[in-house]
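*Asks:* Pasting coords.pdb here (PDB, C-alpha atoms):
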ATOM      1  CA  GLU A  11       0.000   0.000   0.000
ATOM      2  CA  SER A  12       1.631   3.217  -1.112
ATOM      3  CA  GLU A  13       1.277   6.567   0.579
ATOM      4  CA  PRO A  14       0.002   9.689  -1.187
ATOM      5  CA  GLN A  15       2.679  11.712  -2.860
ATOM      6  CA  ILE A  16       2.708  15.456  -3.180
ATOM      7  CA  GLN A  17       5.303  17.712  -4.740
ATOM      8  CA  ASN A  18       5.459  21.301  -5.909
ATOM      9  CA  TYR A  19       7.731  23.139  -8.312
ATOM     10  CA  PRO A  20       9.344  25.470  -8.298
ATOM     11  CA  ASN A  21       9.969  25.375  -4.527
ATOM     12  CA  PRO A  22      10.659  28.018  -3.351
ATOM     13  CA  PHE A  23       8.335  30.007  -5.640
ATOM     14  CA  SER A  24       7.358  33.652  -6.029
ATOM     15  CA  SER A  25       3.824  34.139  -7.405
ATOM     16  CA  LYS A  26       2.661  30.677  -8.496
ATOM     17  CA  THR A  27       3.640  27.048  -8.147
ATOM     18  CA  THR A  28       2.511  23.795  -9.746
ATOM     19  CA  ILE A  29       1.468  21.091  -7.302
ATOM     20  CA  ARG A  30       1.708  17.475  -8.484
ATOM     21  CA  TYR A  31      -0.041  14.796  -6.500
ATOM     22  CA  LYS A  32      -0.809  11.118  -6.894
ATOM     23  CA  VAL A  33      -4.024   9.378  -5.891
ATOM     24  CA  THR A  34      -3.553   5.637  -5.305
ATOM     25  CA  GLU A  35      -7.190   4.748  -4.610
ATOM     26  CA  PRO A  36     -10.336   6.302  -6.065
ATOM     27  CA  GLY A  37     -12.444   8.461  -3.797
ATOM     28  CA  PHE A  38     -12.974  11.909  -2.359
ATOM     29  CA  VAL A  39      -9.806  14.038  -2.514
ATOM     30  CA  LEU A  40      -8.997  17.207  -0.562
ATOM     31  CA  LEU A  41      -6.007  19.409  -1.386
ATOM     32  CA  LYS A  42      -5.666  22.521   0.771
ATOM     33  CA  VAL A  43      -3.058  25.123   1.617
ATOM     34  CA  PHE A  44      -2.585  26.426   5.149
ATOM     35  CA  ASN A  45      -0.433  29.176   6.626
ATOM     36  CA  GLN A  46       1.924  28.658   9.581
ATOM     37  CA  ALA A  47      -0.884  29.478  12.028
ATOM     38  CA  GLY A  48      -2.951  26.607  10.583
ATOM     39  CA  LYS A  49      -5.465  28.874   8.834
ATOM     40  CA  GLU A  50      -6.792  27.534   5.520
ATOM     41  CA  ILE A  51      -5.580  29.802   2.699
ATOM     42  CA  ALA A  52      -6.732  27.871  -0.374
ATOM     43  CA  ASN A  53      -9.051  24.951  -1.128
ATOM     44  CA  LEU A  54      -7.583  23.593  -4.383
ATOM     45  CA  VAL A  55      -9.295  20.200  -4.766
ATOM     46  CA  ASN A  56     -12.536  19.069  -3.144
ATOM     47  CA  GLU A  57     -13.999  16.304  -5.320
ATOM     48  CA  LYS A  58     -14.058  12.625  -6.186
ATOM     49  CA  GLN A  59     -11.083  11.583  -8.300
ATOM     50  CA  SER A  60      -9.831   8.412  -9.928
ATOM     51  CA  VAL A  61      -6.446   6.803  -9.397
ATOM     52  CA  GLY A  62      -3.794   8.812 -11.203
ATOM     53  CA  GLU A  63      -1.387  11.699 -11.214
ATOM     54  CA  TYR A  64      -2.743  15.245 -11.139
ATOM     55  CA  PHE A  65      -1.309  18.729 -11.575
ATOM     56  CA  ILE A  66      -2.806  21.965 -10.279
ATOM     57  CA  GLU A  67      -1.450  25.490 -10.390
ATOM     58  CA  TRP A  68      -1.699  27.598  -7.252
ATOM     59  CA  LYS A  69      -1.459  31.366  -7.697
ATOM     60  CA  ALA A  70      -0.283  32.841  -4.408
ATOM     61  CA  SER A  71       0.150  36.441  -5.495
ATOM     62  CA  GLY A  72      -0.967  38.829  -2.792
ATOM     63  CA  LEU A  73       0.089  36.484  -0.004
ATOM     64  CA  ALA A  74       2.995  37.251   2.298
ATOM     65  CA  ASP A  75       6.320  35.519   1.778
ATOM     66  CA  GLY A  76       6.960  32.618   4.105
ATOM     67  CA  ILE A  77       6.254  28.973   4.764
ATOM     68  CA  TYR A  78       2.927  27.404   3.787
ATOM     69  CA  PHE A  79       1.704  23.837   4.121
ATOM     70  CA  CYS A  80      -0.046  21.911   1.359
ATOM     71  CA  LYS A  81      -2.172  19.022   2.651
ATOM     72  CA  LEU A  82      -3.403  16.140   0.504
ATOM     73  CA  GLN A  83      -6.099  13.926   2.007
ATOM     74  CA  TYR A  84      -8.121  10.982   0.671
ATOM     75  CA  GLY A  85      -9.441   7.775   2.136
ATOM     76  CA  ASN A  86      -7.553   7.278   5.385
ATOM     77  CA  LYS A  87      -4.360   8.775   3.926
ATOM     78  CA  SER A  88      -2.951  12.246   4.336
ATOM     79  CA  GLU A  89       0.340  13.940   3.586
ATOM     80  CA  VAL A  90       1.625  17.444   4.251
ATOM     81  CA  LYS A  91       4.275  19.203   2.161
ATOM     82  CA  LYS A  92       6.040  22.371   3.272
ATOM     83  CA  ILE A  93       6.234  24.990   0.507
ATOM     84  CA  LEU A  94       8.151  28.250   0.575
ATOM     85  CA  LYS A  95       7.017  31.521  -1.007
ATOM     86  CA  ILE A  96       9.686  34.157  -1.663
ATOM     87  CA  ASN A  97       9.914  37.213  -3.891
TER      88      ASN A  97
END
Could you render the structure as structure tokens?
*Replies:*
Amino acid sequence: ESEPQIQNYPNPFSSKTTIRYKVTEPGFVLLKVFNQAGKEIANLVNEKQSVGEYFIEWKASGLADGIYFCKLQYGNKSEVKKILKIN
């Protein structure tokens, strides 16, 4: 049983980044971005998806530079990736 995989590039990024994630079992998928305080900043994916590899672009212009956390969740799996926004 493989764990979810999440990656973003470029990392660090300035105004936008592409997030790649893999879903290893079909079902309801959540992909969200949080700030360091744990506040939800973006809800990128909130839908049923099939097994596969997905790409989504996150535009973070207007947000402060710093560390953000991208969380992928589906089934009983979850993974968090630290992403860094710089100018």
*Asks:* Starting from the PyMOL selection byres ((chain A and resi 88) around 10), expand the selection into actual residues of this file and give them as number ranges by chain.
*Replies:* A: 13-16, 39-41, 81-87, 89-90
*Asks:* Let me make sure I understand: among A:Val33, A:Phe79, A:Phe44, A:Phe38, which one has the smallest atom-to-atom distance to Gly62 (chain A) if we use all atoms listed in the file?
*Replies:*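 Of all the options, A:Val33 lies closest to Gly62 (chain A).
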*Asks:* With distances taken over only C-alpha atoms, which of A:Ile96, A:Ile66, A:Ala74, A:Val43 is nearest to Tyr31 (chain A)?
*Replies:*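 That would be A:Ile66, the residue with the smallest distance to Tyr31 (chain A).
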*Asks:* For Pro22 (chain A), work out the shell of residues within 6 Å, counting only C-alpha atoms and skipping chain neighbours fewer than 2 positions away, then give it as a count of residues only.
*Replies:* 3
*Asks:* Please report the interatomic distance between CA of Gln59 (chain A) and CA of Phe23 (chain A) in Å with one decimal.
*Replies:* 26.9 Å
*Asks:* Excluding Arg30 (chain A) and its own-chain neighbours fewer than 4 positions away, which residues fall within 10 Å of it when counting all atoms listed in the file? Please give them as a PyMOL selection string.
*Replies:* chain A and resi 15-19+63-67
*Asks:* Write out as a PyMOL selection string each polymer residue whose atoms come within 6 Å of Lys42 (chain A), counting all atoms listed in the file; drop sequence neighbours fewer than 4 positions from it.
*Replies:* chain A and resi 52-54+80-81
*Asks:* Please determine an axis-aligned box that encloses all atoms of region 61-69 of chain A listed in the file, with 5 Å added on each side, and express its centre and edge lengths in Å to one decimal as JSON.
*Replies:*
{"center_x": -3.9, "center_y": 19.1, "center_z": -9.4, "size_x": 15.1, "size_y": 34.6, "size_z": 14.3}
*Asks:* If you measure from CA of Lys92 (chain A) to CA of Lys26 (chain A), what distance in Å do you get, rounded to one decimal?
*Replies:* 14.8 Å
*Asks:* Could you spell out the hits of the PyMOL selection byres ((chain A and resi 71) around 9) on the shown file, as number ranges by chain?
*Replies:* A: 24-26, 69-70, 72-74
*Asks:* For each of A:Asn21, A:Thr34, A:Gln46, A:Thr27, take the minimum atom-to-atom distance to Ile77 (chain A), counting all atoms listed in the file, then give the residue where this is smallest.
*Replies:*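 Looking at the shortest contact to Ile77 (chain A), the residue is A:Gln46.
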*Asks:* Counting all atoms listed in the file, figure out which residue out of A:Ile93, A:Asn45, A:Glu50, A:Ser60 gets nearest to Lys32 (chain A).
*Replies:* A:Ser60
*Asks:* Report, in Å to a single decimal, how far apart CA of Thr28 (chain A) and CA of Asn97 (chain A) are.
*Replies:* 16.4 Å
